[in-house]
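J.: Okay, here's the structure, questions in a sec.
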Amino acid sequence: MSATTDERPRKSGAVEGPTVWAREQMGALRELLGKPLTTYYLIIGCSALLLILGLMMVLSASSIEALNKTGSPFSWFIRQTVSAAIGVPVMYLCSRLPHKFFRWAGYPLMVLSIIALVMVLFIGSSELGAQRWIYIGPLTVQPSEPAKLGLALWGADMLARRARAGRIEWRQMLIPLMPGTAILAVMVMLGRDLGTTLVLMMIFLSLLWVVGAPVKLFGGILGVAVLAAVIMIKVEPYRMARIGAFLDPWAEAQGAGYQAVQGQIAMGSGGWFGLGLGSSRQKWSWLPHGESDFIFAILGEELGLMGTLVVVALFGLLGYAGLRVAGRVKDPFIRLAAAAVVAWICGQAIVNMGAVIGVLPITGIPLPLVSYGGSALLPTLAALGMLLSFAKQEPGAREALAARGPGPAARALSWLGLGGRTSRGRARR
């Protein structure tokens with residue numbers, strides 16, 4: 001009898017030990033996620049890691065082609081570094097601006113985007129079957145990139161104003177949001193850029209979803225979008241070839257499926273841990289656009305499956321942080337704008353990575369923060385800075401930041417006489 005009694009605690013302990021440990025870990029995780037600055041630091045950390053990784057991959061992926069075209073393997077990397085050096089202060093500045101600024105900024109940004117997209121149709125450069133770029137001296141501008149931010153801000157403010165006025169009917173959700181989106185989409189489609197049109201639709205649908213549009217409305221919109229996509233594919237032979245290459249790229253390995261096949265070879269060559277940073281073989285003029293549209297393939301080749309999973313996890317955490325802002329802040333504009341930015345950045349990342357691994361057709365859109373291109377990088381960093389500003393509106397976030405004191409950037413500005421007084425300076429006075 002006593003032996004049985006002695007055994008029971010040990011058996012119970014053997015079962016309960018891992019359970020207690022798991023509960024403790026879950027409790028610690030809940031405590032971490034419950035902190036007011038969790039979102040703020042998640043956005044900073046994920047953005048910084050993706051940007052640094054992107055600069056390294058641009059250097060590696062672009063070096064051979066840059067050497068052939070410019071005589072220096074560092075030329076495209078230097079351009080991307082300059083774009084990042086401009087974009088990071090823009091991100092910091094946006095993180096310090098009030099949300100009212102972003103509500104106002106959406107309107108001029110939408111107007112300027114439409115004007116620039118019209119200019120592309122007349123004076124833009126056509127490359128690879130799409131007319132997307134305007135050359136201004138040594139600079140290349142792609143107006144469809146800031147148009148994404150403009151649509152997110154303008155659309156969020158339009159719906160937020162109606163939400164404050166009372167219950168929104170489905171007709172009020174669509175006007176003028178749908179015509180505004182249609183103007184941008186038509187301009188982009190006339191430039192034969194199906195990928196960016198898809199991203200604009202993601203932003204539009206995310207705004208409707210957050211504001212509470214009925215499901216039948218989504219069905220009608222998606223039906224029209226699919227019909228428009230089919231028409232765009234039918235009228236352009238190269239898009240039909242891309243669809244055929246998507247369904248069976250190896251049947252057209254030396255034709256329309258060449259880029260997809262070379263991307264899959266790069267991904268497969270990386271194995272679990274990759275060939276090593278800078279050791280890609282496919283970048284030696286085998287994989288087209290390895291520094292931009294297919295940089296994820298070079299990343300997989302050099303850093304392996306583990307490296308690609310890290311990138312996927314970083315985008316997942318970034319998306320979680322943006323949705324956390326949308327869920328914890330009550331202001332309708334902030335909720336709508338944060339959700340639209342998440343749909344834009346994470347949706348574009350999914351489309352890019354899906355095209356590289358062969359589960360989605362190739363659309364020619366870059367991987368945010370990672371791919372080469374200043375026109376895409378600057379609006380993305382501005383949008384992330386805006387998310388940081390929104391994260392400060394979470395319950396307790398401002399108090400926590402005030403208790404923490406000024407950061408290194410704020411202290412540097414103060415020392416240069418460009419910022420406000422620090423808390424220590426105020427305390428001394």
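In the structure tokens, chains take letters A, B, ... by order of appearance, with residues numbered from 1 within each chain and ligands from 1 in the order shown.
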Go through stretch 58-81 of chain A residue by residue and, counting only C-alpha atoms, keep those with an atom at most 9 Å from stretch 271-286 of chain A; for each kept residue give the shortest atom pair and its distance in Å to one decimal, ordered by chain and increasing number, as a tab-separated table.
T.:
residue	atom	partner	partner_atom	distance
A:Leu59	CA	A:Gly278	CA	8.4
A:Ser60	CA	A:Gly278	CA	5.1
A:Ala61	CA	A:Lys283	CA	5.9
A:Ser62	CA	A:Lys283	CA	7.6
A:Ser63	CA	A:Lys283	CA	8.4
A:Ile64	CA	A:Trp284	CA	6.2
A:Glu65	CA	A:Ser285	CA	6.9
J.: Could you save those same residues with C-alpha atoms as a CSV table (one decimal), in the first residue's frame?
T.:
chain,number,residue,atom,x,y,z
A,59,LEU,CA,25.4,43.4,-53.0
A,60,SER,CA,25.7,39.7,-53.7
A,61,ALA,CA,23.0,39.3,-56.3
A,62,SER,CA,23.8,42.4,-58.3
A,63,SER,CA,27.6,42.3,-58.3
A,64,ILE,CA,28.1,40.3,-61.5
A,65,GLU,CA,25.6,42.1,-63.7
J.: May I have the residues within 7 Å of A:Leu381 as a PyMOL selection string, using only C-alpha atoms and disregarding those fewer than 3 positions away in the same chain?
T.: chain A and resi 87-88+91+377-378+384-385
J.: With only C-alpha atoms as the basis for distance, which of A:Ser113, A:Ser125, A:Ser389, A:Thr70 is at the shortest distance from A:Lys100?
T.: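 Going through A:Ser113, A:Ser125, A:Ser389, A:Thr70 one by one, the smallest distance to A:Lys100 is for A:Ser389.
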J.: List as a compact mmCIF listing (two decimals) with N, CA and C atoms, in the first residue's frame the protein and nucleic acid residues near A:Gly244, meaning an atom at most 12 Å away when only C-alpha atoms are counted, but skip any in the same chain fewer than 4 places from it.
T.:
# COMPACT_ATOMS: atom_id res chain seq x y z
N ILE A 233 -4.58 39.36 -69.43
CA ILE A 233 -3.73 38.22 -69.81
C ILE A 233 -3.94 37.87 -71.28
N PRO A 237 0.40 38.77 -75.30
CA PRO A 237 0.94 37.42 -75.53
C PRO A 237 1.95 36.97 -74.48
N TYR A 238 2.78 37.92 -73.97
CA TYR A 238 3.80 37.51 -73.01
C TYR A 238 3.19 37.04 -71.70
N ARG A 239 1.98 37.59 -71.35
CA ARG A 239 1.31 37.14 -70.13
C ARG A 239 0.75 35.73 -70.32
N MET A 240 0.22 35.45 -71.49
CA MET A 240 -0.25 34.09 -71.78
C MET A 240 0.92 33.10 -71.69
N ASP A 248 3.62 24.73 -66.34
CA ASP A 248 4.65 23.72 -66.59
C ASP A 248 5.92 24.42 -67.06
N PRO A 249 6.68 25.01 -66.11
CA PRO A 249 7.87 25.78 -66.52
C PRO A 249 8.94 24.94 -67.20
N TRP A 250 9.06 23.68 -66.82
CA TRP A 250 10.13 22.85 -67.39
C TRP A 250 9.87 22.48 -68.84
N ALA A 251 8.61 22.59 -69.28
CA ALA A 251 8.32 22.34 -70.69
C ALA A 251 8.83 23.49 -71.56
N GLU A 252 9.00 24.67 -70.94
CA GLU A 252 9.52 25.84 -71.66
C GLU A 252 10.79 26.34 -70.96
N ALA A 253 11.66 25.40 -70.61
CA ALA A 253 12.83 25.75 -69.79
C ALA A 253 13.79 26.72 -70.48
N GLY A 255 12.57 28.92 -72.80
CA GLY A 255 11.73 29.97 -73.34
C GLY A 255 11.06 30.75 -72.24
N ALA A 256 9.71 30.71 -72.23
CA ALA A 256 8.94 31.50 -71.27
C ALA A 256 9.15 31.03 -69.84
N GLY A 257 9.51 29.78 -69.65
CA GLY A 257 9.72 29.26 -68.30
C GLY A 257 11.14 29.37 -67.79
N TYR A 258 12.01 30.05 -68.55
CA TYR A 258 13.43 30.10 -68.19
C TYR A 258 13.67 30.69 -66.81
N ALA A 260 11.60 31.08 -64.26
CA ALA A 260 11.05 30.24 -63.20
C ALA A 260 11.92 29.02 -62.95
N LEU A 360 2.79 30.61 -57.58
CA LEU A 360 2.04 31.72 -58.17
C LEU A 360 2.72 32.13 -59.47
N PRO A 361 1.96 32.70 -60.41
CA PRO A 361 2.59 33.19 -61.64
C PRO A 361 3.55 34.34 -61.37
N ILE A 362 4.53 34.51 -62.23
CA ILE A 362 5.49 35.60 -62.10
C ILE A 362 4.81 36.90 -62.49
J.: So that I can see what lies close to stretch 77-85 of chain A, please list as a list in words the residues with an atom at most 7 Å from it, counting only C-alpha atoms and leaving out residues fewer than 4 positions away in the same chain.
T.: Leu55, Val58, Leu59, Tyr372, Gly373, Gly374 and Leu378 of chain A
J.: Leaving out stretch 188-205 of chain A and any residue of its chain fewer than 2 positions from it, which residues lie within 6 Å of it when counting only C-alpha atoms, given as an MDAnalysis selection string?
T.: chainID A and resid 130:131 185:186 207:208 340 343:344 363 365
J.: Output C-alpha atoms for every residue in the selection just made, as a short mmCIF file (atom, residue, chain, number, x, y, z; two decimals), in the first residue's frame.
T.:
data_model
loop_
_atom_site.label_atom_id
_atom_site.label_comp_id
_atom_site.auth_asym_id
_atom_site.auth_seq_id
_atom_site.Cartn_x
_atom_site.Cartn_y
_atom_site.Cartn_z
CA ALA A 130 5.67 46.99 -68.97
CA GLN A 131 5.79 50.79 -69.00
CA ALA A 185 -5.55 50.62 -61.43
CA VAL A 186 -6.43 51.70 -64.97
CA LEU A 207 -9.91 48.66 -46.43
CA LEU A 208 -13.34 47.26 -47.21
CA ALA A 340 -3.94 48.59 -45.61
CA ALA A 343 -2.01 44.08 -46.88
CA TRP A 344 0.35 45.99 -49.16
CA THR A 363 4.19 39.16 -61.84
CA ILE A 365 6.96 42.86 -58.31
#
J.: How many Å lie between atom CA of A:Ala339 and atom CA of A:Leu388, rounded to one decimal?
T.: 13.4 Å
J.: Residues of stretch 32-171 of chain A in alpha helix (DSSP H) according to DSSP, as a PyMOL selection string?
T.: chain A and resi 32-33+38-70+75-96+99-123+144-165+170-171
J.: Those residues with C-alpha atoms, as an mmCIF file, in the first residue's frame please?
T.:
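File again_18.cif, as written:
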data_model
loop_
_atom_site.group_PDB
_atom_site.id
_atom_site.type_symbol
_atom_site.label_atom_id
_atom_site.label_comp_id
_atom_site.auth_asym_id
_atom_site.auth_seq_id
_atom_site.Cartn_x
_atom_site.Cartn_y
_atom_site.Cartn_z
ATOM 1 C CA LEU A 32 5.744 40.006 -23.248
ATOM 2 C CA LEU A 33 2.917 40.505 -25.742
ATOM 3 C CA THR A 38 5.908 45.226 -27.991
ATOM 4 C CA THR A 39 4.447 46.362 -31.324
ATOM 5 C CA TYR A 40 6.818 49.323 -31.528
ATOM 6 C CA TYR A 41 9.911 47.169 -31.102
ATOM 7 C CA LEU A 42 8.609 44.428 -33.394
ATOM 8 C CA ILE A 43 8.226 46.923 -36.245
ATOM 9 C CA ILE A 44 11.681 48.405 -35.658
ATOM 10 C CA GLY A 45 13.376 45.022 -35.288
ATOM 11 C CA CYS A 46 11.759 43.306 -38.281
ATOM 12 C CA SER A 47 12.239 46.340 -40.538
ATOM 13 C CA ALA A 48 15.898 46.714 -39.573
ATOM 14 C CA LEU A 49 16.686 43.025 -40.065
ATOM 15 C CA LEU A 50 14.952 42.863 -43.448
ATOM 16 C CA LEU A 51 16.667 46.061 -44.613
ATOM 17 C CA ILE A 52 20.138 44.890 -43.553
ATOM 18 C CA LEU A 53 19.560 41.464 -45.089
ATOM 19 C CA GLY A 54 18.307 43.143 -48.248
ATOM 20 C CA LEU A 55 21.434 45.287 -48.583
ATOM 21 C CA MET A 56 23.646 42.215 -48.203
ATOM 22 C CA MET A 57 21.640 40.275 -50.780
ATOM 23 C CA VAL A 58 21.599 43.179 -53.253
ATOM 24 C CA LEU A 59 25.392 43.372 -52.999
ATOM 25 C CA SER A 60 25.702 39.658 -53.659
ATOM 26 C CA ALA A 61 22.994 39.274 -56.298
ATOM 27 C CA SER A 62 23.815 42.378 -58.348
ATOM 28 C CA SER A 63 27.615 42.261 -58.313
ATOM 29 C CA ILE A 64 28.149 40.256 -61.524
ATOM 30 C CA GLU A 65 25.628 42.093 -63.687
ATOM 31 C CA ALA A 66 26.688 45.452 -62.252
ATOM 32 C CA LEU A 67 30.294 44.632 -63.136
ATOM 33 C CA ASN A 68 29.308 43.768 -66.704
ATOM 34 C CA LYS A 69 27.175 46.879 -67.211
ATOM 35 C CA THR A 70 28.949 49.565 -65.184
ATOM 36 C CA SER A 75 27.488 50.333 -58.294
ATOM 37 C CA TRP A 76 23.954 49.001 -57.721
ATOM 38 C CA PHE A 77 24.714 48.240 -54.084
ATOM 39 C CA ILE A 78 25.863 51.833 -53.591
ATOM 40 C CA ARG A 79 22.625 53.120 -55.141
ATOM 41 C CA GLN A 80 20.586 50.909 -52.845
ATOM 42 C CA THR A 81 22.630 52.028 -49.847
ATOM 43 C CA VAL A 82 21.998 55.681 -50.758
ATOM 44 C CA SER A 83 18.271 54.929 -51.001
ATOM 45 C CA ALA A 84 18.385 53.273 -47.573
ATOM 46 C CA ALA A 85 20.373 56.209 -46.159
ATOM 47 C CA ILE A 86 17.583 58.523 -47.340
ATOM 48 C CA GLY A 87 14.774 56.151 -46.376
ATOM 49 C CA VAL A 88 15.791 55.516 -42.770
ATOM 50 C CA PRO A 89 15.628 59.213 -41.777
ATOM 51 C CA VAL A 90 12.289 59.410 -43.635
ATOM 52 C CA MET A 91 11.087 56.452 -41.572
ATOM 53 C CA TYR A 92 12.264 58.140 -38.376
ATOM 54 C CA LEU A 93 10.592 61.411 -39.349
ATOM 55 C CA CYS A 94 7.308 59.631 -40.113
ATOM 56 C CA SER A 95 7.478 57.878 -36.748
ATOM 57 C CA ARG A 96 7.505 61.315 -35.069
ATOM 58 C CA HIS A 99 -1.604 60.651 -37.350
ATOM 59 C CA LYS A 100 -3.430 63.813 -38.459
ATOM 60 C CA PHE A 101 -0.552 64.534 -40.818
ATOM 61 C CA PHE A 102 -1.041 61.206 -42.577
ATOM 62 C CA ARG A 103 -4.774 61.850 -42.899
ATOM 63 C CA TRP A 104 -3.972 65.064 -44.737
ATOM 64 C CA ALA A 105 -1.049 63.649 -46.752
ATOM 65 C CA GLY A 106 -3.143 61.008 -48.509
ATOM 66 C CA TYR A 107 -4.936 63.561 -50.707
ATOM 67 C CA PRO A 108 -1.933 65.338 -52.316
ATOM 68 C CA LEU A 109 -0.133 61.993 -52.595
ATOM 69 C CA MET A 110 -3.064 60.510 -54.523
ATOM 70 C CA VAL A 111 -3.180 63.509 -56.883
ATOM 71 C CA LEU A 112 0.576 63.467 -57.475
ATOM 72 C CA SER A 113 0.503 59.705 -58.058
ATOM 73 C CA ILE A 114 -2.211 60.022 -60.704
ATOM 74 C CA ILE A 115 -0.329 62.845 -62.455
ATOM 75 C CA ALA A 116 2.907 60.826 -62.401
ATOM 76 C CA LEU A 117 1.150 57.695 -63.715
ATOM 77 C CA VAL A 118 -0.275 59.732 -66.598
ATOM 78 C CA MET A 119 3.231 61.032 -67.329
ATOM 79 C CA VAL A 120 4.522 57.469 -67.448
ATOM 80 C CA LEU A 121 2.136 56.700 -70.313
ATOM 81 C CA PHE A 122 3.577 59.568 -72.379
ATOM 82 C CA ILE A 123 7.234 59.882 -71.428
ATOM 83 C CA SER A 144 3.193 53.195 -58.990
ATOM 84 C CA GLU A 145 5.162 52.618 -55.770
ATOM 85 C CA PRO A 146 4.164 55.836 -53.917
ATOM 86 C CA ALA A 147 0.664 55.323 -55.363
ATOM 87 C CA LYS A 148 0.279 52.329 -53.020
ATOM 88 C CA LEU A 149 0.905 54.527 -49.994
ATOM 89 C CA GLY A 150 -1.338 57.242 -51.389
ATOM 90 C CA LEU A 151 -4.241 54.813 -51.856
ATOM 91 C CA ALA A 152 -3.799 53.392 -48.347
ATOM 92 C CA LEU A 153 -3.871 56.844 -46.703
ATOM 93 C CA TRP A 154 -6.564 58.417 -48.863
ATOM 94 C CA GLY A 155 -8.843 55.378 -48.691
ATOM 95 C CA ALA A 156 -8.412 55.042 -44.922
ATOM 96 C CA ASP A 157 -9.340 58.678 -44.351
ATOM 97 C CA MET A 158 -12.365 58.531 -46.674
ATOM 98 C CA LEU A 159 -13.800 55.505 -44.854
ATOM 99 C CA ALA A 160 -12.858 56.824 -41.400
ATOM 100 C CA ARG A 161 -14.816 60.027 -42.014
ATOM 101 C CA ARG A 162 -17.879 58.012 -42.938
ATOM 102 C CA ALA A 163 -17.412 55.710 -39.951
ATOM 103 C CA ARG A 164 -17.401 58.693 -37.597
ATOM 104 C CA ALA A 165 -20.588 60.012 -39.197
ATOM 105 C CA TRP A 170 -22.207 49.485 -48.849
ATOM 106 C CA ARG A 171 -22.764 52.240 -51.453
#
J.: Which is closest to A:Gly347 among A:Leu299, A:Phe74, A:Gly270, A:Ser206, if we use only C-alpha atoms?
T.: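 Nearest candidate to A:Gly347 out of A:Leu299, A:Phe74, A:Gly270, A:Ser206: A:Ser206.
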J.: Expressed in Å to a single decimal, how great is the separation between atom CA of A:Gly263 and atom CA of A:Asp293?
T.: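 It comes out at 10.3 Å.
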